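What's in structure.pdb: PDB, C-alpha atoms
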ATOM      1  CA  MET A   1     117.525 130.028 137.796
ATOM      2  CA  GLN A   2     117.302 128.991 134.159
ATOM      3  CA  VAL A   3     115.274 125.895 133.207
ATOM      4  CA  GLN A   4     114.110 124.477 129.896
ATOM      5  CA  ILE A   5     110.395 123.638 129.678
ATOM      6  CA  ASN A   6     109.082 121.902 126.558
ATOM      7  CA  GLY A   7     112.132 123.042 124.628
ATOM      8  CA  GLU A   8     111.982 126.703 125.700
ATOM      9  CA  THR A   9     114.205 128.467 128.248
ATOM     10  CA  HIS A  10     112.471 130.126 131.209
ATOM     11  CA  SER A  11     113.787 132.196 134.114
ATOM     12  CA  LEU A  12     112.247 131.184 137.437
ATOM     13  CA  ASP A  13     112.663 132.150 141.066
ATOM     14  CA  ALA A  14     114.131 129.461 143.323
ATOM     15  CA  PRO A  15     113.249 127.435 145.335
ATOM     16  CA  LEU A  16     110.345 125.887 143.430
ATOM     17  CA  SER A  17     108.701 122.470 143.536
ATOM     18  CA  VAL A  18     107.168 120.749 140.522
ATOM     19  CA  ALA A  19     103.704 121.349 142.011
ATOM     20  CA  GLN A  20     104.428 125.057 142.466
ATOM     21  CA  LEU A  21     105.717 125.285 138.902
ATOM     22  CA  LEU A  22     102.541 123.707 137.485
ATOM     23  CA  THR A  23     100.360 126.044 139.575
ATOM     24  CA  ARG A  24     102.339 129.073 138.388
ATOM     25  CA  ILE A  25     101.888 128.018 134.755
ATOM     26  CA  GLY A  26      98.170 127.452 135.348
ATOM     27  CA  LEU A  27      98.080 123.678 134.814
ATOM     28  CA  ASP A  28      96.062 121.066 136.664
ATOM     29  CA  PRO A  29      98.590 118.501 137.986
ATOM     30  CA  ALA A  30      95.992 115.750 137.546
ATOM     31  CA  LYS A  31      95.841 116.349 133.797
ATOM     32  CA  VAL A  32      99.525 116.366 132.885
ATOM     33  CA  ALA A  33     102.637 114.250 133.174
ATOM     34  CA  VAL A  34     106.065 115.684 133.941
ATOM     35  CA  GLU A  35     109.497 114.470 132.930
ATOM     36  CA  ARG A  36     112.566 115.984 134.617
ATOM     37  CA  ASN A  37     115.950 115.376 133.029
ATOM     38  CA  LEU A  38     114.595 112.325 131.162
ATOM     39  CA  GLU A  39     113.137 110.821 134.357
ATOM     40  CA  ILE A  40     109.386 110.566 135.007
ATOM     41  CA  VAL A  41     108.270 112.598 138.023
ATOM     42  CA  PRO A  42     105.607 110.564 139.906
ATOM     43  CA  LYS A  43     102.482 112.556 140.695
ATOM     44  CA  SER A  44     102.924 111.685 144.364
ATOM     45  CA  GLY A  45     106.228 113.552 144.309
ATOM     46  CA  TYR A  46     105.137 116.811 142.709
ATOM     47  CA  GLY A  47     105.122 118.583 146.088
ATOM     48  CA  GLN A  48     108.469 117.232 147.272
ATOM     49  CA  ILE A  49     110.627 117.216 144.132
ATOM     50  CA  GLY A  50     112.260 120.551 143.454
ATOM     51  CA  VAL A  51     113.086 122.271 140.191
ATOM     52  CA  GLU A  52     116.764 123.190 139.963
ATOM     53  CA  ASP A  53     118.883 125.409 137.770
ATOM     54  CA  GLY A  54     119.609 123.769 134.412
ATOM     55  CA  ASP A  55     116.751 121.271 134.622
ATOM     56  CA  ARG A  56     115.092 120.096 131.413
ATOM     57  CA  LEU A  57     111.378 119.544 131.856
ATOM     58  CA  GLU A  58     108.763 118.082 129.546
ATOM     59  CA  ILE A  59     105.092 118.638 130.414
ATOM     60  CA  VAL A  60     102.572 116.735 128.307
ATOM     61  CA  HIS A  61      98.790 116.560 128.127
ATOM     62  CA  PHE A  62      96.711 114.208 130.192
ATOM     63  CA  ILE A  63      95.629 111.493 127.798
ATOM     64  CA  GLY A  64      94.286 108.735 130.006
ATOM     65  CA  GLY A  65      90.764 107.487 130.581
ATOM     66  CA  GLY A  66      88.519 104.600 131.506
ATOM     67  CA  ALA A  67      87.398 101.607 129.543
ATOM     68  CA  PRO A  68      83.758 101.217 128.522
ATOM     69  CA  ASP A  69      81.749  98.830 130.654
ATOM     70  CA  SER A  70      81.628  95.639 128.645
ATOM     71  CA  ALA A  71      80.652  93.437 131.577
ATOM     72  CA  ALA A  72      77.008  93.696 130.609
ATOM     73  CA  ALA A  73      77.614  92.402 127.077
ATOM     74  CA  PRO A  74      75.768  89.148 126.329
ATOM     75  CA  GLU A  75      78.073  86.129 126.243
ATOM     76  CA  ASP A  76      77.016  85.281 122.697
ATOM     77  CA  GLU A  77      77.738  88.792 121.384
ATOM     78  CA  ASP A  78      80.575  89.081 118.846
ATOM     79  CA  ILE A  79      83.147  90.785 121.056
ATOM     80  CA  LEU A  80      86.621  92.058 120.193
ATOM     81  CA  GLU A  81      88.950  91.220 123.068
ATOM     82  CA  VAL A  82      92.452  92.680 123.308
ATOM     83  CA  ALA A  83      94.521  91.660 126.317
ATOM     84  CA  GLY A  84      91.413  91.285 128.447
ATOM     85  CA  HIS A  85      89.819  94.542 127.265
ATOM     86  CA  LYS A  86      86.458  93.858 125.614
ATOM     87  CA  PHE A  87      84.778  95.927 122.918
ATOM     88  CA  ARG A  88      81.526  95.619 121.033
ATOM     89  CA  SER A  89      82.838  97.836 118.240
ATOM     90  CA  ARG A  90      85.588  96.615 115.925
ATOM     91  CA  LEU A  91      86.135 100.092 114.497
ATOM     92  CA  ILE A  92      88.896 102.158 116.114
ATOM     93  CA  ILE A  93      89.265 105.800 115.101
ATOM     94  CA  GLY A  94      91.979 108.397 115.523
ATOM     95  CA  THR A  95      91.802 111.927 116.858
ATOM     96  CA  GLY A  96      93.957 113.852 114.386
ATOM     97  CA  LYS A  97      93.229 116.058 111.364
ATOM     98  CA  TYR A  98      89.702 117.015 112.416
ATOM     99  CA  LYS A  99      88.617 120.645 112.059
ATOM    100  CA  ASP A 100      88.034 120.766 115.804
ATOM    101  CA  TYR A 101      87.398 118.520 118.786
ATOM    102  CA  ASP A 102      83.632 118.841 118.503
ATOM    103  CA  LEU A 103      83.649 117.415 114.970
ATOM    104  CA  ASN A 104      85.851 114.601 116.268
ATOM    105  CA  ARG A 105      83.248 113.936 118.955
ATOM    106  CA  GLN A 106      80.414 113.810 116.412
ATOM    107  CA  ALA A 107      82.377 111.388 114.218
ATOM    108  CA  ALA A 108      83.175 109.113 117.160
ATOM    109  CA  GLU A 109      79.510 108.992 118.106
ATOM    110  CA  ALA A 110      78.435 108.275 114.522
ATOM    111  CA  ALA A 111      81.036 105.498 114.251
ATOM    112  CA  GLU A 112      79.902 104.028 117.572
ATOM    113  CA  ALA A 113      83.595 103.625 118.341
ATOM    114  CA  GLU A 114      84.696 102.563 121.812
ATOM    115  CA  MET A 115      88.455 102.919 121.388
ATOM    116  CA  ILE A 116      90.257 106.026 120.110
ATOM    117  CA  THR A 117      93.954 106.612 119.500
ATOM    118  CA  VAL A 118      95.515 109.703 121.038
ATOM    119  CA  ALA A 119      98.953 111.255 120.695
ATOM    120  CA  VAL A 120     101.070 112.522 123.567
ATOM    121  CA  ARG A 121     101.908 116.167 122.992
ATOM    122  CA  ARG A 122     103.512 119.011 124.893
ATOM    123  CA  VAL A 123     101.243 121.368 126.804
ATOM    124  CA  ASN A 124     100.898 124.792 125.174
ATOM    125  CA  LEU A 125     102.502 126.968 127.855
ATOM    126  CA  THR A 126     101.281 130.185 126.252
ATOM    127  CA  ASP A 127      97.637 129.109 126.579
ATOM    128  CA  PRO A 128      97.253 126.359 129.197
ATOM    129  CA  ASN A 129      93.480 126.896 129.218
ATOM    130  CA  GLN A 130      92.985 125.796 125.625
ATOM    131  CA  PRO A 131      90.400 123.011 125.076
ATOM    132  CA  LEU A 132      91.553 119.462 125.714
ATOM    133  CA  LEU A 133      90.447 116.300 123.972
ATOM    134  CA  VAL A 134      89.029 114.962 127.227
ATOM    135  CA  ASP A 135      86.613 117.912 127.296
ATOM    136  CA  TYR A 136      84.898 116.483 124.196
ATOM    137  CA  LEU A 137      85.572 112.735 124.213
ATOM    138  CA  ASP A 138      84.768 111.524 127.699
ATOM    139  CA  PRO A 139      87.519 109.181 128.936
ATOM    140  CA  LYS A 140      84.880 107.342 130.955
ATOM    141  CA  LYS A 141      83.047 106.518 127.725
ATOM    142  CA  TYR A 142      85.977 105.793 125.399
ATOM    143  CA  THR A 143      89.094 103.733 125.901
ATOM    144  CA  TYR A 144      92.017 106.016 125.140
ATOM    145  CA  LEU A 145      94.824 104.258 123.268
ATOM    146  CA  PRO A 146      98.009 106.338 123.604
ATOM    147  CA  ASN A 147     100.215 105.988 120.559
ATOM    148  CA  THR A 148     103.752 106.938 119.594
ATOM    149  CA  ALA A 149     102.886 108.728 116.349
ATOM    150  CA  GLY A 150     105.904 110.637 115.097
ATOM    151  CA  CYS A 151     108.514 108.483 116.871
ATOM    152  CA  PHE A 152     111.441 107.180 114.826
ATOM    153  CA  THR A 153     113.483 105.420 117.534
ATOM    154  CA  THR A 154     112.931 102.885 120.298
ATOM    155  CA  ASP A 155     114.105 105.360 122.949
ATOM    156  CA  ASP A 156     111.608 108.028 121.849
ATOM    157  CA  ALA A 157     108.740 105.536 121.738
ATOM    158  CA  VAL A 158     109.454 104.051 125.163
ATOM    159  CA  ARG A 159     109.908 107.497 126.690
ATOM    160  CA  THR A 160     106.631 108.711 125.184
ATOM    161  CA  LEU A 161     104.635 105.779 126.509
ATOM    162  CA  ARG A 162     106.142 106.095 129.976
ATOM    163  CA  LEU A 163     104.850 109.673 130.015
ATOM    164  CA  ALA A 164     101.466 108.458 128.785
ATOM    165  CA  ARG A 165     101.265 105.928 131.591
ATOM    166  CA  GLU A 166     102.141 108.569 134.160
ATOM    167  CA  ALA A 167      99.574 110.984 132.735
ATOM    168  CA  GLY A 168      96.626 108.646 132.633
ATOM    169  CA  GLY A 169      97.608 105.292 134.051
ATOM    170  CA  TRP A 170      97.166 103.449 130.762
ATOM    171  CA  THR A 171      99.168 100.361 129.943
ATOM    172  CA  LEU A 172      97.264  99.359 126.763
ATOM    173  CA  VAL A 173      99.150 101.330 124.108
ATOM    174  CA  LYS A 174      99.775 101.527 120.384
ATOM    175  CA  LEU A 175     103.416 101.317 119.351
ATOM    176  CA  GLU A 176     104.351 103.056 116.120
ATOM    177  CA  ILE A 177     108.027 103.465 115.182
ATOM    178  CA  LEU A 178     108.482 104.955 111.729
ATOM    179  CA  GLY A 179     111.306 104.262 109.315
ATOM    180  CA  GLU A 180     111.346 107.460 107.279
ATOM    181  CA  GLN A 181     109.179 110.478 106.537
ATOM    182  CA  ARG A 182     108.182 109.823 102.916
ATOM    183  CA  THR A 183     106.378 106.501 103.360
ATOM    184  CA  LEU A 184     105.886 106.401 107.152
ATOM    185  CA  TYR A 185     106.457 102.658 106.931
ATOM    186  CA  PRO A 186     107.201 100.980 110.261
ATOM    187  CA  MET A 187     110.809 100.370 111.248
ATOM    188  CA  MET A 188     110.362  96.708 112.095
ATOM    189  CA  PRO A 189     113.677  95.870 113.857
ATOM    190  CA  GLU A 190     113.087  98.693 116.353
ATOM    191  CA  THR A 191     109.401  97.796 116.626
ATOM    192  CA  ILE A 192     110.377  94.290 117.748
ATOM    193  CA  GLU A 193     112.948  95.683 120.197
ATOM    194  CA  ALA A 194     110.531  98.236 121.650
ATOM    195  CA  THR A 195     107.699  95.699 121.938
ATOM    196  CA  ARG A 196     109.931  93.432 124.004
ATOM    197  CA  ALA A 197     111.135  96.302 126.235
ATOM    198  CA  LEU A 198     107.654  97.723 126.817
ATOM    199  CA  THR A 199     106.169  94.302 127.522
ATOM    200  CA  GLU A 200     108.837  93.702 130.171
ATOM    201  CA  GLU A 201     107.757  97.006 131.784
ATOM    202  CA  GLY A 202     104.139  95.869 131.981
ATOM    203  CA  PHE A 203     102.717  97.557 128.904
ATOM    204  CA  GLN A 204     100.202  95.792 126.663
ATOM    205  CA  VAL A 205     101.470  96.629 123.177
ATOM    206  CA  MET A 206      99.363  96.893 120.049
ATOM    207  CA  ALA A 207     102.028  97.168 117.352
ATOM    208  CA  TYR A 208     101.848  98.931 113.979
ATOM    209  CA  CYS A 209     103.610  96.593 111.524
ATOM    210  CA  SER A 210     104.499  96.105 107.898
ATOM    211  CA  ASP A 211     102.447  93.533 105.995
ATOM    212  CA  ASP A 212     105.277  90.987 106.173
ATOM    213  CA  PRO A 213     103.996  87.777 107.837
ATOM    214  CA  ILE A 214     107.453  86.756 109.092
ATOM    215  CA  LEU A 215     108.144  90.078 110.806
ATOM    216  CA  CYS A 216     104.617  90.236 112.210
ATOM    217  CA  LYS A 217     105.196  86.856 113.845
ATOM    218  CA  ARG A 218     108.417  88.162 115.393
ATOM    219  CA  VAL A 219     106.497  91.093 116.887
ATOM    220  CA  GLU A 220     103.917  88.715 118.348
ATOM    221  CA  GLU A 221     106.701  86.569 119.817
ATOM    222  CA  ALA A 222     108.153  89.727 121.393
ATOM    223  CA  GLY A 223     104.940  90.090 123.376
ATOM    224  CA  ALA A 224     102.513  92.177 121.309
ATOM    225  CA  VAL A 225      98.857  91.781 122.302
ATOM    226  CA  SER A 226      97.679  92.832 118.832
ATOM    227  CA  ILE A 227      99.296  92.899 115.397
ATOM    228  CA  MET A 228      98.381  95.942 113.287
ATOM    229  CA  PRO A 229      99.596  95.532 109.693
ATOM    230  CA  LEU A 230      99.227  98.480 107.344
ATOM    231  CA  GLY A 231      96.770  98.210 104.483
ATOM    232  CA  ALA A 232      98.633 100.970 102.610
ATOM    233  CA  PRO A 233     100.832 103.930 103.642
ATOM    234  CA  ILE A 234      99.443 106.094 106.454
ATOM    235  CA  GLY A 235      96.982 108.689 105.178
ATOM    236  CA  SER A 236      97.153 107.465 101.562
ATOM    237  CA  GLY A 237      93.597 106.146 101.255
ATOM    238  CA  LEU A 238      94.803 103.505  98.786
ATOM    239  CA  GLY A 239      92.951 100.644 100.455
ATOM    240  CA  ILE A 240      94.195  97.105 101.064
ATOM    241  CA  GLN A 241      97.170  96.717  98.743
ATOM    242  CA  ASN A 242      98.266  93.228  99.734
ATOM    243  CA  PRO A 243      95.263  91.110 100.735
ATOM    244  CA  VAL A 244      97.236  87.853 100.416
ATOM    245  CA  ASN A 245      99.716  88.883 103.106
ATOM    246  CA  ILE A 246      96.991  90.281 105.353
ATOM    247  CA  ARG A 247      95.201  86.930 105.179
ATOM    248  CA  LEU A 248      98.433  85.046 105.941
ATOM    249  CA  ILE A 249      99.092  87.291 108.941
ATOM    250  CA  LYS A 250      95.601  86.623 110.245
ATOM    251  CA  GLU A 251      95.930  82.853 109.773
ATOM    252  CA  GLN A 252      99.191  82.637 111.741
ATOM    253  CA  SER A 253      98.396  85.066 114.558
ATOM    254  CA  GLU A 254      97.187  84.038 117.991
ATOM    255  CA  VAL A 255      96.376  87.650 118.936
ATOM    256  CA  PRO A 256      93.889  90.035 117.277
ATOM    257  CA  VAL A 257      94.896  91.390 113.863
ATOM    258  CA  ILE A 258      93.717  94.944 113.213
ATOM    259  CA  VAL A 259      94.377  96.658 109.886
ATOM    260  CA  ASP A 260      95.964 100.017 110.589
ATOM    261  CA  ALA A 261      96.466 102.718 107.943
ATOM    262  CA  GLY A 262      95.564 103.087 104.292
ATOM    263  CA  VAL A 263      91.773 102.747 104.405
ATOM    264  CA  GLY A 264      90.121 105.312 102.149
ATOM    265  CA  THR A 265      86.456 104.420 101.987
ATOM    266  CA  ALA A 266      83.877 101.984 103.296
ATOM    267  CA  SER A 267      84.637  99.203 100.813
ATOM    268  CA  ASP A 268      88.268  99.129 102.027
ATOM    269  CA  ALA A 269      87.094  98.539 105.590
ATOM    270  CA  ALA A 270      84.726  95.803 104.445
ATOM    271  CA  ILE A 271      87.524  94.059 102.524
ATOM    272  CA  ALA A 272      89.781  94.096 105.586
ATOM    273  CA  MET A 273      87.045  92.498 107.678
ATOM    274  CA  GLU A 274      86.153  89.954 104.971
ATOM    275  CA  LEU A 275      89.782  88.784 105.077
ATOM    276  CA  GLY A 276      89.150  87.799 108.673
ATOM    277  CA  CYS A 277      90.763  90.747 110.446
ATOM    278  CA  ASP A 278      89.501  91.416 113.942
ATOM    279  CA  GLY A 279      89.145  95.148 113.473
ATOM    280  CA  VAL A 280      90.119  98.251 111.516
ATOM    281  CA  LEU A 281      91.807 101.437 112.706
ATOM    282  CA  MET A 282      91.428 104.618 110.670
ATOM    283  CA  ASN A 283      91.831 108.361 110.991
ATOM    284  CA  THR A 284      92.293 110.248 107.721
ATOM    285  CA  ALA A 285      89.545 108.346 105.885
ATOM    286  CA  ILE A 286      87.000 109.883 108.252
ATOM    287  CA  ALA A 287      88.662 113.165 109.236
ATOM    288  CA  GLU A 288      89.360 114.282 105.650
ATOM    289  CA  ALA A 289      86.080 113.121 104.107
ATOM    290  CA  LYS A 290      83.829 115.898 102.802
ATOM    291  CA  ASP A 291      81.334 114.893 105.481
ATOM    292  CA  PRO A 292      83.290 113.219 108.304
ATOM    293  CA  VAL A 293      80.200 112.341 110.334
ATOM    294  CA  MET A 294      78.484 110.623 107.411
ATOM    295  CA  MET A 295      81.711 108.784 106.535
ATOM    296  CA  ALA A 296      82.059 107.634 110.147
ATOM    297  CA  ARG A 297      78.563 106.187 109.956
ATOM    298  CA  ALA A 298      79.425 104.465 106.651
ATOM    299  CA  MET A 299      82.567 102.954 108.163
ATOM    300  CA  LYS A 300      80.568 101.588 111.074
ATOM    301  CA  HIS A 301      78.237  99.737 108.711
ATOM    302  CA  ALA A 302      81.142  98.573 106.489
ATOM    303  CA  VAL A 303      83.028  97.010 109.406
ATOM    304  CA  LYS A 304      79.883  95.254 110.615
ATOM    305  CA  ALA A 305      78.994  94.025 107.118
ATOM    306  CA  GLY A 306      82.515  92.775 106.436
ATOM    307  CA  ARG A 307      82.602  90.943 109.744
ATOM    308  CA  MET A 308      79.228  89.295 109.102
ATOM    309  CA  ALA A 309      80.290  88.266 105.595
ATOM    310  CA  TYR A 310      83.466  86.678 106.960
ATOM    311  CA  LEU A 311      81.558  84.754 109.619
ATOM    312  CA  ALA A 312      78.915  83.677 107.067
ATOM    313  CA  GLY A 313      81.545  82.288 104.698
ATOM    314  CA  ARG A 314      81.501  83.420 101.088
ATOM    315  CA  MET A 315      80.513  81.182  98.212
ATOM    316  CA  PRO A 316      83.381  79.498  96.342
ATOM    317  CA  ARG A 317      84.731  81.216  93.245
ATOM    318  CA  LYS A 318      83.987  79.343  90.017
ATOM    319  CA  MET A 319      85.450  79.486  86.549
ATOM    320  CA  TYR A 320      82.088  79.135  84.786
ATOM    321  CA  ALA A 321      78.465  80.092  85.243
ATOM    322  CA  ASP A 322      76.311  78.096  87.626
ATOM    323  CA  PRO A 323      72.570  78.796  87.157
ATOM    324  CA  SER A 324      70.585  79.789  90.229
ATOM    325  CA  SER A 325      67.506  77.947  88.914
ATOM    326  CA  PRO A 326      67.588  74.312  87.717
ATOM    327  CA  LEU A 327      67.567  73.928  83.915
ATOM    328  CA  SER A 328      65.540  70.712  84.001
ATOM    329  CA  GLY A 329      61.797  71.021  83.515
ATOM    330  CA  LEU A 330      61.963  74.142  81.377
ATOM    331  CA  ILE A 331      59.057  74.708  78.931
TER
END

Could I get this file's structure written as structure tokens?
Amino acid sequence: MQVQINGETHSLDAPLSVAQLLTRIGLDPAKVAVERNLEIVPKSGYGQIGVEDGDRLEIVHFIGGGAPDSAAAPEDEDILEVAGHKFRSRLIIGTGKYKDYDLNRQAAEAAEAEMITVAVRRVNLTDPNQPLLVDYLDPKKYTYLPNTAGCFTTDDAVRTLRLAREAGGWTLVKLEILGEQRTLYPMMPETIEATRALTEEGFQVMAYCSDDPILCKRVEEAGAVSIMPLGAPIGSGLGIQNPVNIRLIKEQSEVPVIVDAGVGTASDAAIAMELGCDGVLMNTAIAEAKDPVMMARAMKHAVKAGRMAYLAGRMPRKMYADPSSPLSGLI
């Protein structure tokens, strides 16, 4: 029989179950998710569901994991809480563009990150034994946040996150629906539609948004558990381009606001936090630094400093000088 697996045609002997197919390819069923003819195959059915002539199968990497234990955190500690998930760190990092997984691991440790974004990708059928992210970033130590990077439609995003849930059981996800390739700006009408659909299916959606306060509010009303406005285009390193709108979004939101995309260096992260944002997500700023591990450490300190400055409350801006020492009593 002829079947299509991850976009490639393969000739297989029938009859064959999904479990037998995975074993023949050399994949661990516990570490992948399978879609058959656009329908998720539940892991409990791998042994019973057969593969038939003409089937179209997608097999993607296991991307799930466990949340860090935040139960022991002191009650007075400054905790980031997203849909009941608690984090000491307000710095979220990505897992793309690094030279290798080990460098990614070192950067995550230096950043003291607790949440990392991960993309759902097809298994490499020619080398199923290649290293996996989970071999380097322990899913029992980090909260994996599956995202829909590279999706341009609601259907693709929803389908991707259904696979992610089947692979690792995660319902806390990052929704990212792009408008076009040049700017990678979010397609907001579809983001609102997908947020509503995913929320109805039980997902907890952290949504990548434009820096438009009105549209961000619509995403929150659709059920998002976190609003993630861009600071600048993805991977640009331009920093926070519209601080006024970011502040307005924070003031109106009843869920955490996390700046996502555009951070280039530590001062950008500090600015985002000084505006009152609840956290910062970054990937390229660390992965493409000359020394990613040192930059990760710098970002950790910048996020903490910006948060402390926001909580402390900055001095008011003044038009004229105001001497630190009293002028009366001078000799």

A:Leu145: which residues within 12 Å, counting only C-alpha atoms, same-chain residues fewer than 5 positions away excluded, as a PyMOL selection string?
-> chain A and resi 63-67+82+85+92-95+114-120+139+161+164-165+168-176+203-207+281

With all atoms listed in the file as the basis for distance, which of A:Gly239, A:Pro292, A:Gly276, A:Pro146 is at the shortest distance from A:Leu311?
->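 Ranking A:Gly239, A:Pro292, A:Gly276, A:Pro146 by distance to A:Leu311, first place goes to A:Gly276.
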
For A:Lys97, the closest of A:Pro213, A:Thr284, A:Leu27, A:Arg218 counting only C-alpha atoms is A:Thr284

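The gap separating atom CA of A:Leu22 from atom CA of A:Leu133 is 19.6 Å, in Å to one decimal.
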
Write out as a PyMOL selection string which residues come within 12 Å of A:Arg307 when counting only C-alpha atoms, dropping same-chain ones fewer than 4 positions away.
-> chain A and resi 78-80+89-91+269-280+300-303+311-314

Find the residues near A:Tyr46: any atom within 9 Å, counting all atoms listed in the file, skip ones fewer than 6 places away on the same chain, and give them as a PyMOL selection string.
-> chain A and resi 17-20+29+34

How many Å lie between atom CA of A:Lys290 and atom CA of A:Thr265, rounded to one decimal?
->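 Separation of atom CA of A:Lys290 and atom CA of A:Thr265: 11.8 Å.
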
If you apply the PyMOL selection byres ((chain A and resi 233) around 7) to this file, what residues do you get, as a ChimeraX atom specification?
-> /A:183-185,230,232,234-236,261-262

Å distance separating atom CA of A:Leu21 from atom CA of A:Leu132, one decimal place = 20.2 Å

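Applied to this file, the PyMOL selection byres ((chain A and resi 293) around 7) selects Gln106, Ala107, Ala110, Asp291, Pro292, Met294, Met295, Ala296 and Arg297 of chain A.
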
List, as a VMD selection string, every residue that the PyMOL selection byres ((chain A and resi 56) around 10) selects in the file provided.
-> chain A and resid 2 to 9 35 to 39 51 to 55 57 to 58

Kindly list the centre and edge lengths in Å, rounded to one decimal, for the axis-aligned box that covers all listed atoms of stretch 265-270 of chain A plus 8 Å on each of its six sides, as lines of an AutoDock Vina configuration file.
center_x = 86.1
center_y = 100.1
center_z = 103.2
size_x = 20.4
size_y = 24.6
size_z = 20.8

Return the single residue from A:Asp135, A:Asp28, A:Glu81, A:Glu180 that is closest to A:Tyr101, with distances computed using only C-alpha atoms.
->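 Going through A:Asp135, A:Asp28, A:Glu81, A:Glu180 one by one, the smallest distance to A:Tyr101 is for A:Asp135.
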
Pick the closest to A:Ala108 from A:Ala157, A:Ala287, A:Leu215, A:Ile258: which is it, counting all atoms listed in the file?
-> A:Ala287

Contact residues around A:Gly231 with all atoms listed in the file at 9 Å, ignoring same-chain residues under 6 positions, as a PyMOL selection string | chain A and resi 210-211+238-243+246+259-263+268+272

Protein, DNA and RNA residues within 9 Å of (113.2, 133.2, 138.0), all atoms listed in the file, as a VMD selection string | chain A and resid 1 to 3 10 to 14
